[in-house]
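Notes follow once the structure below has been shown.
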Amino acid sequence: MQKSIKTAEIIVSALPYIQKFRDKIFVIKYGGAAQIDENLKNDFARDVVLLSLVGIKVVIVHGGGKKINSILDKLEIKSEFVDGLRVTDEDAMEVVEMVLSGLINKEITALLNKHGAKAIGISGKDASMLKAKKLDDGKYGFVGDITDVKEDVITKLLSDNFIPVIAPIATDDNANSYNINADLCASAVASKLKAEKIMFLTDTKGILDSDKNLISKLSENSINELKSSGVISGGMIPKVDAALECVKSGVKNAHIIDGRLPHSILLELFTDEGIGTMIR
């Protein structure tokens, strides 16, 4: 009986958050261990279904770096990272698009639907939803910088109660395909939608200080200081840049959370303490 009462208390404690977030748009960048581990994949799907059932409009943007690495290695296509971004030549671009738009996108969509969601998988190429140009004049090959997001495609799906699952592939005016960093893609989508929140699922607790302690809240000034000192480096740089760009563009809060924890999304959203780093 005591266990049942405790469960009821936990549910009731989430009520103010559920009321606050109803009909709001949340963009979730899905990647890392949460996208690989079978138990975490199912936890993620159930979390998203729950958010949808309580009236939150969820948009998912996914990565797929580990699977892309695996396929590139099998095909003996070399790929390297610079400033946390994958340098993508023409051969690598074909593999990136195949893995992201085909294999991973449809796997996520099917998993969500299995758990009761009404999910639909799309690429940024569909309806020319994501337009891009070469990033830094081609320094990273076929890596793109998003120039426009046609949000009407996404809002139409949301109004029909679909959960859009977006593969971060974009095109330019000449129909060239570009690999978009998933963090930056999620940021662009959230900014255009003026989302209530954007959440980045990572393989770390969040942003850590020089002593490896979690920093619960960050501002632009503190982020710049941590980047200058090298505390924020590597693949965390595009995540932090994406989060900061979001809040400067009208998204209320950006969250960087540990996707290795079961039900990490619910723990961050529906508890007073949260579990990650919030940038506002």
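Each chain in the structure tokens gets a letter, A, B, ..., in the order shown, and its residues are numbered from 1; ligands are numbered from 1 in order too.
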Do a neighbour search on segment 259-268 of chain A at 7 Å with only C-alpha atoms, toss out local chain neighbours closer than 3 positions, and write the hits as a VMD selection string. chain A and resid 33 to 34 40 43 to 44 47 201 to 203 271 274 to 276
Need to verify the contact set: Arg86 of chain A, 8 Å, only C-alpha atoms, exclusion of same-chain residues closer than 4 positions in sequence. Can you return it as a ChimeraX atom specification? /A:79-82,140,143
What would the file look like if the residues just selected were written as a PDB file, in the first residue's frame with C-alpha atoms?
```pdb
ATOM      1  CA  SER A  79      36.037  10.162 -42.086  1.00  0.00           C
ATOM      2  CA  GLU A  80      37.402  12.588 -39.503  1.00  0.00           C
ATOM      3  CA  PHE A  81      36.036  15.142 -37.062  1.00  0.00           C
ATOM      4  CA  VAL A  82      37.103  18.793 -36.873  1.00  0.00           C
ATOM      5  CA  TYR A 140      33.929  20.381 -43.829  1.00  0.00           C
ATOM      6  CA  VAL A 143      28.380  19.652 -44.190  1.00  0.00           C
TER       7      VAL A 143
END
```
Would you pick out the contacts of Leu51 of chain A at 12 Å or less, using only C-alpha atoms, so that residues sharing its chain but fewer than 2 positions from it are not included, and give the list as a PDB file with C-alpha atoms, in the first residue's frame?
```
ATOM      1  CA  ALA A  14       4.143  16.232 -11.837  1.00  0.00           C
ATOM      2  CA  TYR A  17       4.404  20.814 -14.899  1.00  0.00           C
ATOM      3  CA  ILE A  18       1.903  18.932 -17.051  1.00  0.00           C
ATOM      4  CA  GLN A  19      -0.530  21.871 -16.792  1.00  0.00           C
ATOM      5  CA  PHE A  21       3.536  22.552 -20.640  1.00  0.00           C
ATOM      6  CA  ARG A  22       0.247  21.460 -22.230  1.00  0.00           C
ATOM      7  CA  ASP A  23       0.055  22.501 -25.921  1.00  0.00           C
ATOM      8  CA  LYS A  24       3.685  23.688 -25.856  1.00  0.00           C
ATOM      9  CA  ILE A  25       6.245  22.554 -28.433  1.00  0.00           C
ATOM     10  CA  PHE A  26       9.277  20.586 -27.237  1.00  0.00           C
ATOM     11  CA  VAL A  27      12.128  19.740 -29.604  1.00  0.00           C
ATOM     12  CA  ILE A  28      14.203  16.740 -28.548  1.00  0.00           C
ATOM     13  CA  PHE A  44      12.805   7.035 -24.615  1.00  0.00           C
ATOM     14  CA  ALA A  45       9.850   5.899 -26.706  1.00  0.00           C
ATOM     15  CA  ARG A  46       7.609   5.550 -23.649  1.00  0.00           C
ATOM     16  CA  ASP A  47       8.681   8.982 -22.376  1.00  0.00           C
ATOM     17  CA  VAL A  48       7.786  10.580 -25.712  1.00  0.00           C
ATOM     18  CA  VAL A  49       4.425   8.784 -25.818  1.00  0.00           C
ATOM     19  CA  LEU A  53      -0.608  11.949 -24.211  1.00  0.00           C
ATOM     20  CA  VAL A  54      -0.490  14.833 -21.703  1.00  0.00           C
ATOM     21  CA  GLY A  55      -0.753  17.353 -24.537  1.00  0.00           C
ATOM     22  CA  ILE A  56       2.871  18.301 -25.239  1.00  0.00           C
ATOM     23  CA  LYS A  57       3.713  18.646 -28.936  1.00  0.00           C
ATOM     24  CA  VAL A  58       6.973  16.772 -29.507  1.00  0.00           C
ATOM     25  CA  VAL A  59       9.378  17.142 -32.436  1.00  0.00           C
ATOM     26  CA  GLY A 116       1.454   3.878 -29.112  1.00  0.00           C
ATOM     27  CA  ALA A 117       2.712   7.111 -30.665  1.00  0.00           C
ATOM     28  CA  ILE A 163       5.186  13.348 -33.847  1.00  0.00           C
ATOM     29  CA  HIS A 263      13.482   8.138 -18.261  1.00  0.00           C
ATOM     30  CA  ILE A 265      13.415  13.287 -20.132  1.00  0.00           C
ATOM     31  CA  LEU A 266      10.732  12.855 -17.472  1.00  0.00           C
ATOM     32  CA  LEU A 269      10.883  17.989 -16.979  1.00  0.00           C
ATOM     33  CA  PHE A 270       8.676  16.823 -14.140  1.00  0.00           C
TER      34      PHE A 270
END
```
Given only C-alpha atoms as the counted atoms, nearest of A:Leu184, A:Ala167, A:Val189, A:Ile120 to Ala243 of chain A: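 Ranking A:Leu184, A:Ala167, A:Val189, A:Ile120 by distance to Ala243 of chain A, first place goes to A:Leu184.
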Mind the document's chain letters and residue numbers, and return as a VMD selection string the residues of segment 42-214 of chain A that DSSP labels strand (DSSP E or B). chain A and resid 57 to 62 80 to 82 85 to 88 119 to 123 130 to 134 141 143 to 149 163 to 167 169 to 171 177 to 179 197 to 202 208 214
Based on the selection just made, write C-alpha atoms of those residues as a compact mmCIF listing (two decimals), in the first residue's frame.
```txt
# COMPACT_ATOMS: atom_id res chain seq x y z
CA LYS A 57 3.71 18.65 -28.94
CA VAL A 58 6.97 16.77 -29.51
CA VAL A 59 9.38 17.14 -32.44
CA ILE A 60 12.36 14.77 -32.61
CA VAL A 61 15.60 15.47 -34.46
CA HIS A 62 17.99 12.52 -34.41
CA GLU A 80 37.40 12.59 -39.50
CA PHE A 81 36.04 15.14 -37.06
CA VAL A 82 37.10 18.79 -36.87
CA LEU A 85 31.83 18.17 -36.87
CA ARG A 86 32.20 15.25 -39.29
CA VAL A 87 34.14 16.19 -42.43
CA THR A 88 31.93 14.70 -45.16
CA ALA A 119 4.98 9.19 -35.37
CA ILE A 120 6.04 9.93 -38.93
CA GLY A 121 9.62 9.93 -40.20
CA ILE A 122 10.79 12.64 -42.57
CA SER A 123 14.03 14.06 -43.94
CA LEU A 130 15.51 22.32 -44.55
CA LYS A 131 17.54 24.52 -46.87
CA ALA A 132 21.28 24.86 -46.45
CA LYS A 133 24.57 26.07 -47.88
CA LYS A 134 28.09 24.73 -47.45
CA GLY A 141 32.93 19.08 -47.28
CA VAL A 143 28.38 19.65 -44.19
CA GLY A 144 25.69 22.31 -44.37
CA ASP A 145 24.70 25.45 -42.56
CA ILE A 146 20.90 25.74 -42.42
CA THR A 147 19.63 28.87 -44.16
CA ASP A 148 15.89 28.26 -43.80
CA VAL A 149 13.38 26.00 -42.06
CA ILE A 163 5.19 13.35 -33.85
CA PRO A 164 7.65 14.41 -36.58
CA VAL A 165 10.93 12.46 -36.53
CA ILE A 166 13.43 14.48 -38.57
CA ALA A 167 16.63 13.21 -40.21
CA ILE A 169 19.69 16.16 -44.14
CA ALA A 170 19.15 19.39 -46.10
CA THR A 171 19.41 20.61 -49.69
CA SER A 177 22.46 17.16 -50.21
CA TYR A 178 24.15 18.30 -47.01
CA ASN A 179 24.87 16.58 -43.73
CA LYS A 197 12.05 23.88 -24.74
CA ILE A 198 14.80 22.07 -26.55
CA MET A 199 16.41 19.03 -24.97
CA PHE A 200 19.73 17.50 -26.02
CA LEU A 201 20.24 13.87 -24.95
CA THR A 202 23.96 13.24 -24.44
CA LEU A 208 30.66 19.81 -16.11
CA LEU A 214 27.52 19.18 -12.88
```
Can you list, as JSON, numbers by chain, every residue of segment 128-276 of chain A that DSSP puts in helix (DSSP H, G or I)? {"A": [128, 135, 136, 137, 138, 151, 152, 153, 154, 155, 156, 157, 158, 159, 182, 183, 184, 185, 186, 187, 188, 189, 190, 191, 192, 193, 220, 221, 222, 223, 224, 225, 226, 227, 228, 236, 237, 238, 239, 240, 241, 242, 243, 244, 245, 246, 247, 248, 264, 265, 266, 267, 268, 269]}
How about saving the chosen residues, N, CA and C atoms kept, as a short mmCIF file (atom, residue, chain, number, x, y, z; two decimals), in the first residue's frame?
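That gives us part_18.cif:
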```cif
data_model
loop_
_atom_site.label_atom_id
_atom_site.label_comp_id
_atom_site.auth_asym_id
_atom_site.auth_seq_id
_atom_site.Cartn_x
_atom_site.Cartn_y
_atom_site.Cartn_z
N SER A 128 11.30 20.23 -49.21
CA SER A 128 12.37 21.24 -49.06
C SER A 128 12.30 21.91 -47.69
N LEU A 135 28.91 24.81 -45.20
CA LEU A 135 29.40 25.45 -43.98
C LEU A 135 30.85 25.89 -44.17
N ASP A 136 31.13 27.14 -43.80
CA ASP A 136 32.49 27.70 -43.88
C ASP A 136 33.13 27.46 -45.25
N ASP A 137 32.36 27.76 -46.31
CA ASP A 137 32.86 27.65 -47.69
C ASP A 137 33.42 26.28 -48.02
N GLY A 138 32.83 25.25 -47.46
CA GLY A 138 33.24 23.89 -47.80
C GLY A 138 34.38 23.33 -46.98
N GLU A 151 8.75 25.88 -41.53
CA GLU A 151 8.10 25.35 -40.33
C GLU A 151 6.67 24.88 -40.58
N ASP A 152 6.06 25.32 -41.69
CA ASP A 152 4.68 24.92 -41.94
C ASP A 152 4.53 23.41 -42.13
N VAL A 153 5.59 22.77 -42.64
CA VAL A 153 5.56 21.31 -42.79
C VAL A 153 5.44 20.66 -41.41
N ILE A 154 6.22 21.17 -40.45
CA ILE A 154 6.23 20.60 -39.11
C ILE A 154 4.94 20.93 -38.37
N THR A 155 4.52 22.19 -38.45
CA THR A 155 3.31 22.59 -37.72
C THR A 155 2.06 21.88 -38.24
N LYS A 156 2.05 21.57 -39.54
CA LYS A 156 0.92 20.82 -40.09
C LYS A 156 0.87 19.42 -39.49
N LEU A 157 2.02 18.78 -39.38
CA LEU A 157 2.06 17.46 -38.78
C LEU A 157 1.65 17.51 -37.31
N LEU A 158 2.12 18.52 -36.59
CA LEU A 158 1.76 18.66 -35.18
C LEU A 158 0.26 18.89 -35.01
N SER A 159 -0.31 19.69 -35.89
CA SER A 159 -1.75 19.98 -35.79
C SER A 159 -2.59 18.74 -36.06
N ALA A 182 23.32 17.25 -36.04
CA ALA A 182 21.98 17.07 -35.47
C ALA A 182 21.67 18.09 -34.38
N ASP A 183 22.68 18.47 -33.59
CA ASP A 183 22.46 19.47 -32.54
C ASP A 183 22.08 20.81 -33.16
N LEU A 184 22.81 21.21 -34.21
CA LEU A 184 22.54 22.49 -34.85
C LEU A 184 21.22 22.45 -35.62
N CYS A 185 20.89 21.28 -36.16
CA CYS A 185 19.60 21.12 -36.84
C CYS A 185 18.46 21.27 -35.85
N ALA A 186 18.56 20.60 -34.72
CA ALA A 186 17.52 20.71 -33.69
C ALA A 186 17.37 22.16 -33.23
N SER A 187 18.50 22.85 -33.10
CA SER A 187 18.47 24.25 -32.70
C SER A 187 17.72 25.11 -33.71
N ALA A 188 18.01 24.90 -34.99
CA ALA A 188 17.36 25.69 -36.03
C ALA A 188 15.85 25.43 -36.06
N VAL A 189 15.47 24.17 -35.90
CA VAL A 189 14.05 23.81 -35.90
C VAL A 189 13.35 24.42 -34.69
N ALA A 190 13.95 24.30 -33.52
CA ALA A 190 13.35 24.84 -32.30
C ALA A 190 13.22 26.36 -32.38
N SER A 191 14.25 27.01 -32.92
CA SER A 191 14.22 28.47 -33.03
C SER A 191 13.10 28.93 -33.95
N LYS A 192 12.95 28.25 -35.08
CA LYS A 192 11.92 28.63 -36.04
C LYS A 192 10.51 28.40 -35.48
N LEU A 193 10.37 27.33 -34.69
CA LEU A 193 9.07 27.01 -34.10
C LEU A 193 8.78 27.82 -32.84
N GLU A 220 25.18 32.92 -21.06
CA GLU A 220 26.10 33.09 -22.19
C GLU A 220 27.51 33.44 -21.71
N ASN A 221 27.63 34.31 -20.73
CA ASN A 221 28.95 34.71 -20.24
C ASN A 221 29.72 33.52 -19.66
N SER A 222 29.03 32.72 -18.86
CA SER A 222 29.71 31.57 -18.25
C SER A 222 30.08 30.53 -19.30
N ILE A 223 29.26 30.40 -20.33
CA ILE A 223 29.59 29.47 -21.42
C ILE A 223 30.86 29.92 -22.13
N ASN A 224 30.96 31.20 -22.44
CA ASN A 224 32.14 31.71 -23.13
C ASN A 224 33.40 31.51 -22.29
N GLU A 225 33.28 31.69 -21.00
CA GLU A 225 34.43 31.48 -20.11
C GLU A 225 34.87 30.02 -20.11
N LEU A 226 33.90 29.09 -20.06
CA LEU A 226 34.22 27.67 -20.05
C LEU A 226 34.81 27.22 -21.38
N LYS A 227 34.38 27.80 -22.48
CA LYS A 227 34.95 27.47 -23.79
C LYS A 227 36.38 28.01 -23.90
N SER A 228 36.59 29.21 -23.42
CA SER A 228 37.93 29.82 -23.48
C SER A 228 38.94 29.04 -22.65
N MET A 236 31.15 18.66 -27.45
CA MET A 236 30.22 19.43 -26.62
C MET A 236 30.07 20.86 -27.16
N ILE A 237 31.04 21.33 -27.95
CA ILE A 237 30.99 22.70 -28.47
C ILE A 237 29.75 22.93 -29.33
N PRO A 238 29.49 22.09 -30.36
CA PRO A 238 28.27 22.34 -31.15
C PRO A 238 26.99 22.22 -30.34
N LYS A 239 26.97 21.34 -29.32
CA LYS A 239 25.78 21.23 -28.48
C LYS A 239 25.52 22.53 -27.72
N VAL A 240 26.56 23.06 -27.11
CA VAL A 240 26.42 24.29 -26.33
C VAL A 240 26.09 25.46 -27.25
N ASP A 241 26.76 25.52 -28.39
CA ASP A 241 26.48 26.60 -29.35
C ASP A 241 25.04 26.53 -29.82
N ALA A 242 24.57 25.30 -30.08
CA ALA A 242 23.19 25.12 -30.53
C ALA A 242 22.21 25.54 -29.44
N ALA A 243 22.49 25.15 -28.20
CA ALA A 243 21.61 25.50 -27.09
C ALA A 243 21.56 27.01 -26.89
N LEU A 244 22.72 27.65 -26.96
CA LEU A 244 22.77 29.09 -26.77
C LEU A 244 22.06 29.84 -27.88
N GLU A 245 22.23 29.36 -29.11
CA GLU A 245 21.57 30.00 -30.25
C GLU A 245 20.05 29.92 -30.10
N CYS A 246 19.58 28.80 -29.56
CA CYS A 246 18.14 28.63 -29.35
C CYS A 246 17.57 29.68 -28.42
N VAL A 247 18.19 29.81 -27.25
CA VAL A 247 17.62 30.72 -26.26
C VAL A 247 17.74 32.18 -26.71
N LYS A 248 18.73 32.47 -27.54
CA LYS A 248 18.87 33.82 -28.07
C LYS A 248 17.84 34.09 -29.17
N SER A 264 15.22 9.81 -18.53
CA SER A 264 15.90 11.09 -18.26
C SER A 264 15.05 12.29 -18.64
N ILE A 265 14.26 12.17 -19.69
CA ILE A 265 13.42 13.29 -20.13
C ILE A 265 12.39 13.63 -19.05
N LEU A 266 11.74 12.61 -18.51
CA LEU A 266 10.73 12.86 -17.47
C LEU A 266 11.37 13.41 -16.21
N LEU A 267 12.53 12.91 -15.85
CA LEU A 267 13.22 13.39 -14.65
C LEU A 267 13.60 14.86 -14.76
N GLU A 268 13.97 15.28 -15.96
CA GLU A 268 14.35 16.68 -16.15
C GLU A 268 13.12 17.59 -16.17
N LEU A 269 12.05 17.13 -16.77
CA LEU A 269 10.88 17.99 -16.98
C LEU A 269 9.93 18.05 -15.79
#
```
Length of the atom CA of Ala127 of chain A to atom CA of Asp172 of chain A vector [Å]: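 These atoms are spaced 12.5 Å apart.
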Find the distance between atom CA of Ser13 of chain A and atom CA of Ser52 of chain A and write it in Å to one decimal.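 Distance reported for this atom pair: 18.5 Å.
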Would you mind telling me which residue in A:Ile68, A:Ile77, A:Met129, A:Ile215 lies nearest to Leu103 of chain A when using only C-alpha atoms?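 Answer, going by the shortest atom-to-atom distance: A:Ile68.
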Quick one: residues within 10 Å of segment 69-72 of chain A, only C-alpha atoms, excluding same-chain residues fewer than 4 positions away - as a tab-separated table (two decimals) with N, CA and C atoms, in the first residue's frame?
```tsv
chain	number	residue	atom	x	y	z
A	64	GLY	N	23.06	9.99	-35.47
A	64	GLY	CA	23.33	8.60	-35.83
A	64	GLY	C	24.80	8.35	-36.06
A	65	GLY	N	25.63	9.12	-35.34
A	65	GLY	CA	27.07	9.09	-35.58
A	65	GLY	C	27.70	7.72	-35.44
A	76	GLU	N	35.25	0.99	-45.74
A	76	GLU	CA	36.62	1.53	-45.81
A	76	GLU	C	36.64	2.94	-46.38
A	77	ILE	N	35.66	3.75	-45.93
A	77	ILE	CA	35.62	5.17	-46.30
A	77	ILE	C	36.09	5.97	-45.10
A	78	LYS	N	37.15	6.72	-45.27
A	78	LYS	CA	37.73	7.48	-44.16
A	78	LYS	C	36.88	8.70	-43.83
A	79	SER	N	36.79	9.00	-42.55
A	79	SER	CA	36.04	10.16	-42.09
A	79	SER	C	36.70	10.68	-40.82
A	80	GLU	N	36.79	11.99	-40.69
A	80	GLU	CA	37.40	12.59	-39.50
A	80	GLU	C	36.52	13.70	-38.96
A	91	ASP	N	31.58	10.58	-51.09
A	91	ASP	CA	31.31	9.18	-50.78
A	91	ASP	C	30.69	9.03	-49.39
A	92	ALA	N	31.25	9.78	-48.45
A	92	ALA	CA	30.71	9.71	-47.08
A	92	ALA	C	29.29	10.25	-47.03
A	95	VAL	N	26.65	7.67	-47.70
A	95	VAL	CA	26.44	6.77	-46.57
A	95	VAL	C	25.67	7.48	-45.46
A	96	VAL	N	26.04	8.72	-45.18
A	96	VAL	CA	25.36	9.50	-44.15
A	96	VAL	C	23.87	9.59	-44.44
A	99	VAL	N	22.08	6.13	-44.07
A	99	VAL	CA	21.92	5.69	-42.68
A	99	VAL	C	20.91	6.55	-41.94
```
Taken to one decimal, the atom CA of Glu196 of chain A-atom CA of Gly63 of chain A distance is 21.4 Å
